[in-house]
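Working notes, beginning with the structure itself.
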Amino acid sequence: MQLLREPLELRRACDDARARGLTVGLVPTMGALHEGHAALVREARKRADFVAVSVFVNPTQFGVNEDLARYPRTLDSDMAKVEAAGASAVFAPSEGGMYPPGDETRVRVGATATDLCGAHRPGHFEGVATVVAKLFAIAGPCTAVFGRKDYQQLQVIKRFTTDLFFPVTIIGLRTVREIDGLAMSSRNAYLTPEQRSAALGIPRGLTAASRAFDAGERRAGVLASLARAEVEPIATSIDYVDVADPDSVRAHKSAEIVGERALIALAIRLGGARLIDNMVLGEEPPPLP
Ligand code: PAF
């Protein structure tokens, strides 16, 4: 497996692969990789011959009081994990490589990025869209695989890929969960053992909403409050527990009646960790049986 440090090295590797008749897969990550990322790499490998995994803690998607400085950086173990999952190359650029002197251009995102996390992390999705657009521009025509745990991010990326005519096929992969239902996340590493047990309020909340939905409940406010009832006792604070349209990611008002598919998504703080999770009611099984 190759380790590529410069954007032009990634471009050359992808161009060379295509020149040899191979298809290219891309898995953008910020490192601190876990089994959920390995699943993304395996999926990319099923769909493409040459798979590049980017490992870059992107400064433009972190707010001033967020965890950029302490975000775990574990390149050696990340490389071992993605190699075992079938990656052909790791692209781990420097900050100056991705944002060279004079860099000033940003991808302005729209309504998809307004509600949910967009309402609580100003500038976050602009930073995500900008760095992912840079990766797409470097890699060229490819299939890119992202996790559905970052559901709103996935929709924002699909939107700008269409709007800006990137020759990239986007695949969203189902959230990979621990055996007890907690969604895998690099930020789970911030949790103490007590907080890790308390975090199970999150899958319980989504499951409660899912059961009610399956039993016919369609009031957005009721679905959200069922999930909220499980996370309120365990959260240090709650950013949001919202029911939203799964395509536009616009939040429903509490009195609204949802259709046959509805996104339920939440973000809470638990100690020093900000945890997100979601599921599309009517489309996915709940996290707990
Ligand atoms: O989901 C992530 O890890 C990041 O937001 C991404 C897509 C790699 C962009 O930095």
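Labels for the structure tokens follow display order: chains A, B, ..., residues from 1 in each chain, ligands from 1.
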>> I'd like the neighbourhood of Ser54 of chain A as a VMD selection string, where a residue qualifies if any of its atoms comes within 12 Å (using only C-alpha atoms), though same-chain residues fewer than 3 positions away should be ignored.
In response: chain A and resid 2 to 7 10 25 to 33 37 41 51 57 to 58 75 78 to 79 82 87 to 94 98 131 to 132 134 to 136 138 to 139 144 to 146
> Using only C-alpha atoms, which residues sit within 12 Å of Arg228 of chain A once same-chain residues fewer than 2 positions away are excluded, as an NGL selection string?
Replying inline: :A and (201-209 or 221-226 or 230-235 or 237-243 or 264-268)
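Minimum atom-to-atom distances from A:Pro122, A:Gly259, A:Pro100, A:Gly272 to Ala220 of chain A were compared using only C-alpha atoms, and the lowest value belongs to A:Gly259.
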> Neighbours of Ile157 of chain A within 8 Å (only C-alpha atoms; same-chain residues fewer than 4 positions away dropped), as a ChimeraX atom specification?
Replying inline: /A:129,132,153,161
Requested write-out: C-alpha atoms of the selected residues, as a tab-separated table (two decimals), in the first residue's frame:
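Result written to again-v8.tsv:
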chain	number	residue	atom	x	y	z
A	129	ALA	CA	-17.84	20.58	1.28
A	132	VAL	CA	-14.31	17.01	-0.10
A	153	GLN	CA	-22.98	15.54	5.62
A	161	THR	CA	-21.50	16.81	-6.31
>> Please extract the residues of segment 71-159 of chain A with a backbone DSSP assignment of strand (DSSP E) and present them as an MDAnalysis selection string.
In response: chainID A and resid 89:91 142:147
> So which one's closest to ligand 1, A:Lys46, A:Arg187, A:Arg12, A:Arg159? Using only C-alpha atoms and all ligand atoms, please.
Replying inline: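 Checking each candidate against ligand 1, we get A:Arg187 as the closest.
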>> I'd like to know which residues of segment 56-122 of chain A are helix (DSSP H, G or I) (by DSSP, run on the backbone); could you write them as a PyMOL selection string?
In response: chain A and resi 59-61+75-84+95-98+111-113+117-120
How about saving the chosen residues, all heavy atoms kept, as a short mmCIF file (atom, residue, chain, number, x, y, z; two decimals), in the first residue's frame?
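Output file result.cif follows:
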data_model
loop_
_atom_site.label_atom_id
_atom_site.label_comp_id
_atom_site.auth_asym_id
_atom_site.auth_seq_id
_atom_site.Cartn_x
_atom_site.Cartn_y
_atom_site.Cartn_z
N PRO A 59 -9.05 21.41 9.11
CA PRO A 59 -9.28 22.51 10.06
C PRO A 59 -10.50 23.36 9.74
O PRO A 59 -11.12 23.89 10.66
CB PRO A 59 -8.00 23.34 9.96
CG PRO A 59 -7.37 22.96 8.66
CD PRO A 59 -7.79 21.55 8.37
N THR A 60 -10.87 23.48 8.46
CA THR A 60 -11.96 24.42 8.13
C THR A 60 -13.34 23.92 8.55
O THR A 60 -14.30 24.68 8.47
CB THR A 60 -11.97 24.77 6.62
OG1 THR A 60 -12.25 23.56 5.88
CG2 THR A 60 -10.66 25.36 6.16
N GLN A 61 -13.45 22.67 8.98
CA GLN A 61 -14.78 22.20 9.40
C GLN A 61 -14.95 22.21 10.91
O GLN A 61 -15.97 21.75 11.42
CB GLN A 61 -15.08 20.82 8.82
CG GLN A 61 -14.25 19.67 9.38
CD GLN A 61 -14.51 18.38 8.60
OE1 GLN A 61 -14.03 18.18 7.50
NE2 GLN A 61 -15.28 17.47 9.19
N LEU A 75 -1.93 7.86 12.59
CA LEU A 75 -1.70 7.45 11.19
C LEU A 75 -1.20 6.01 11.07
O LEU A 75 -1.65 5.27 10.19
CB LEU A 75 -0.75 8.43 10.49
CG LEU A 75 -0.55 8.17 8.99
CD1 LEU A 75 -1.88 8.23 8.22
CD2 LEU A 75 0.44 9.14 8.38
N ASP A 76 -0.26 5.58 11.95
CA ASP A 76 0.30 4.24 11.78
C ASP A 76 -0.78 3.16 11.91
O ASP A 76 -0.88 2.27 11.07
CB ASP A 76 1.42 3.98 12.80
CG ASP A 76 2.65 4.81 12.46
OD1 ASP A 76 2.73 5.29 11.31
OD2 ASP A 76 3.51 5.00 13.35
N SER A 77 -1.60 3.27 12.96
CA SER A 77 -2.63 2.22 13.11
C SER A 77 -3.71 2.39 12.04
O SER A 77 -4.30 1.42 11.58
CB SER A 77 -3.20 2.19 14.52
OG SER A 77 -4.01 3.30 14.74
N ASP A 78 -3.98 3.63 11.62
CA ASP A 78 -4.95 3.84 10.52
C ASP A 78 -4.49 3.11 9.27
O ASP A 78 -5.28 2.45 8.58
CB ASP A 78 -5.09 5.33 10.19
CG ASP A 78 -5.77 6.13 11.29
OD1 ASP A 78 -6.36 5.51 12.19
OD2 ASP A 78 -5.69 7.37 11.26
N MET A 79 -3.18 3.21 8.99
CA MET A 79 -2.67 2.58 7.77
C MET A 79 -2.81 1.06 7.83
O MET A 79 -3.20 0.42 6.86
CB MET A 79 -1.21 2.98 7.54
CG MET A 79 -1.13 4.44 7.12
SD MET A 79 0.50 4.96 6.61
CE MET A 79 0.90 3.83 5.33
N ALA A 80 -2.51 0.50 9.00
CA ALA A 80 -2.63 -0.96 9.14
C ALA A 80 -4.09 -1.39 8.92
O ALA A 80 -4.37 -2.37 8.24
CB ALA A 80 -2.14 -1.38 10.52
N LYS A 81 -5.03 -0.60 9.48
CA LYS A 81 -6.45 -0.99 9.37
C LYS A 81 -6.94 -0.93 7.93
O LYS A 81 -7.62 -1.84 7.46
CB LYS A 81 -7.32 -0.05 10.23
CG LYS A 81 -7.25 -0.41 11.70
CD LYS A 81 -8.10 0.51 12.54
CE LYS A 81 -7.77 0.28 14.00
NZ LYS A 81 -7.90 1.43 14.85
N VAL A 82 -6.59 0.14 7.22
CA VAL A 82 -7.14 0.25 5.86
C VAL A 82 -6.43 -0.69 4.90
O VAL A 82 -7.03 -1.18 3.94
CB VAL A 82 -7.15 1.71 5.33
CG1 VAL A 82 -8.01 2.58 6.20
CG2 VAL A 82 -5.79 2.27 5.14
N GLU A 83 -5.17 -1.00 5.19
CA GLU A 83 -4.48 -1.98 4.34
C GLU A 83 -5.18 -3.34 4.47
O GLU A 83 -5.47 -4.01 3.48
CB GLU A 83 -3.00 -2.09 4.71
CG GLU A 83 -2.26 -3.05 3.80
CD GLU A 83 -0.76 -2.89 3.82
OE1 GLU A 83 -0.21 -2.48 4.87
OE2 GLU A 83 -0.13 -3.17 2.78
N ALA A 84 -5.49 -3.70 5.73
CA ALA A 84 -6.19 -4.98 5.96
C ALA A 84 -7.56 -4.99 5.28
O ALA A 84 -8.06 -6.04 4.89
CB ALA A 84 -6.34 -5.22 7.46
N GLU A 95 -1.53 20.23 6.20
CA GLU A 95 -2.53 21.30 6.12
C GLU A 95 -2.19 22.26 4.96
O GLU A 95 -3.05 22.65 4.18
CB GLU A 95 -2.56 22.05 7.45
CG GLU A 95 -3.77 22.92 7.60
CD GLU A 95 -3.85 23.57 8.98
OE1 GLU A 95 -3.55 22.89 9.99
OE2 GLU A 95 -4.20 24.75 9.03
N GLY A 96 -0.89 22.56 4.84
CA GLY A 96 -0.45 23.48 3.77
C GLY A 96 -0.60 22.86 2.39
O GLY A 96 -0.71 23.58 1.40
N GLY A 97 -0.60 21.53 2.32
CA GLY A 97 -0.80 20.87 1.04
C GLY A 97 -2.23 21.04 0.56
O GLY A 97 -2.48 21.27 -0.63
N MET A 98 -3.18 20.94 1.48
CA MET A 98 -4.60 21.06 1.10
C MET A 98 -5.04 22.52 1.02
O MET A 98 -5.97 22.86 0.29
CB MET A 98 -5.48 20.31 2.11
CG MET A 98 -5.34 18.80 2.03
SD MET A 98 -5.71 18.15 0.38
CE MET A 98 -7.49 18.01 0.43
N ALA A 111 -29.52 25.06 1.58
CA ALA A 111 -30.57 24.69 2.55
C ALA A 111 -30.31 23.34 3.21
O ALA A 111 -30.65 23.16 4.39
CB ALA A 111 -31.92 24.67 1.84
N THR A 112 -29.72 22.41 2.47
CA THR A 112 -29.45 21.09 3.05
C THR A 112 -28.59 21.20 4.31
O THR A 112 -28.65 20.34 5.19
CB THR A 112 -28.71 20.21 2.00
OG1 THR A 112 -29.35 20.38 0.74
CG2 THR A 112 -28.71 18.75 2.36
N ALA A 113 -27.79 22.26 4.37
CA ALA A 113 -26.84 22.42 5.47
C ALA A 113 -27.35 23.36 6.56
O ALA A 113 -26.60 23.75 7.45
CB ALA A 113 -25.52 22.94 4.91
N CYS A 117 -27.29 19.73 12.42
CA CYS A 117 -25.92 20.15 12.78
C CYS A 117 -25.58 21.52 12.20
O CYS A 117 -24.80 22.28 12.79
CB CYS A 117 -24.90 19.13 12.29
SG CYS A 117 -24.84 17.65 13.32
N GLY A 118 -26.16 21.83 11.04
CA GLY A 118 -25.87 23.13 10.41
C GLY A 118 -26.25 24.29 11.30
O GLY A 118 -25.60 25.34 11.29
N ALA A 119 -27.30 24.11 12.10
CA ALA A 119 -27.76 25.19 12.97
C ALA A 119 -26.87 25.33 14.20
O ALA A 119 -26.89 26.37 14.87
CB ALA A 119 -29.20 24.91 13.41
N HIS A 120 -26.10 24.30 14.51
CA HIS A 120 -25.30 24.31 15.74
C HIS A 120 -23.80 24.43 15.48
O HIS A 120 -23.04 24.68 16.42
CB HIS A 120 -25.57 23.03 16.56
CG HIS A 120 -26.97 23.01 17.08
ND1 HIS A 120 -27.29 23.51 18.32
CD2 HIS A 120 -28.11 22.62 16.52
CE1 HIS A 120 -28.59 23.41 18.50
NE2 HIS A 120 -29.11 22.87 17.42
#
>> From the options A:Val53, A:Ala199, A:Val280, A:Ile257, which residue's atoms come nearest to ligand 1, counting only C-alpha atoms and all ligand atoms?
In response: A:Val53
> For the atom pair atom CA of Asp15 of chain A and atom CA of Leu164 of chain A, what is the interatomic distance in Å to one decimal place?
Replying inline: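 Interatomic distance, atom CA of Asp15 of chain A to atom CA of Leu164 of chain A: 20.8 Å.
Across the model, the gap from atom CA of Arg218 of chain A to atom CA of Gly110 of chain A is 27.3 Å.
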>> Please determine, counting only C-alpha atoms and all ligand atoms, which residue among A:Arg177, A:His34, A:Arg108, A:Arg45 has the shortest atom-to-atom distance to ligand 1.
In response: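 Residue with the minimum atom-to-atom distance to ligand 1: A:His34.
Distances from A:Val64, A:Ile170, A:Ala17, A:Val24 to ligand 1 were compared using only C-alpha atoms and all ligand atoms, and the smallest one belongs to A:Ile170.
We find atom CA of Asn188 of chain A and atom CA of Arg274 of chain A to be spaced 8.9 Å apart.
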> Between A:Leu116, A:Val128, A:Ile179, A:Ile276, which is the closest to ligand 1 once you count only C-alpha atoms and all ligand atoms?
Replying inline: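 So, comparing all the options, the nearest one is A:Val128.
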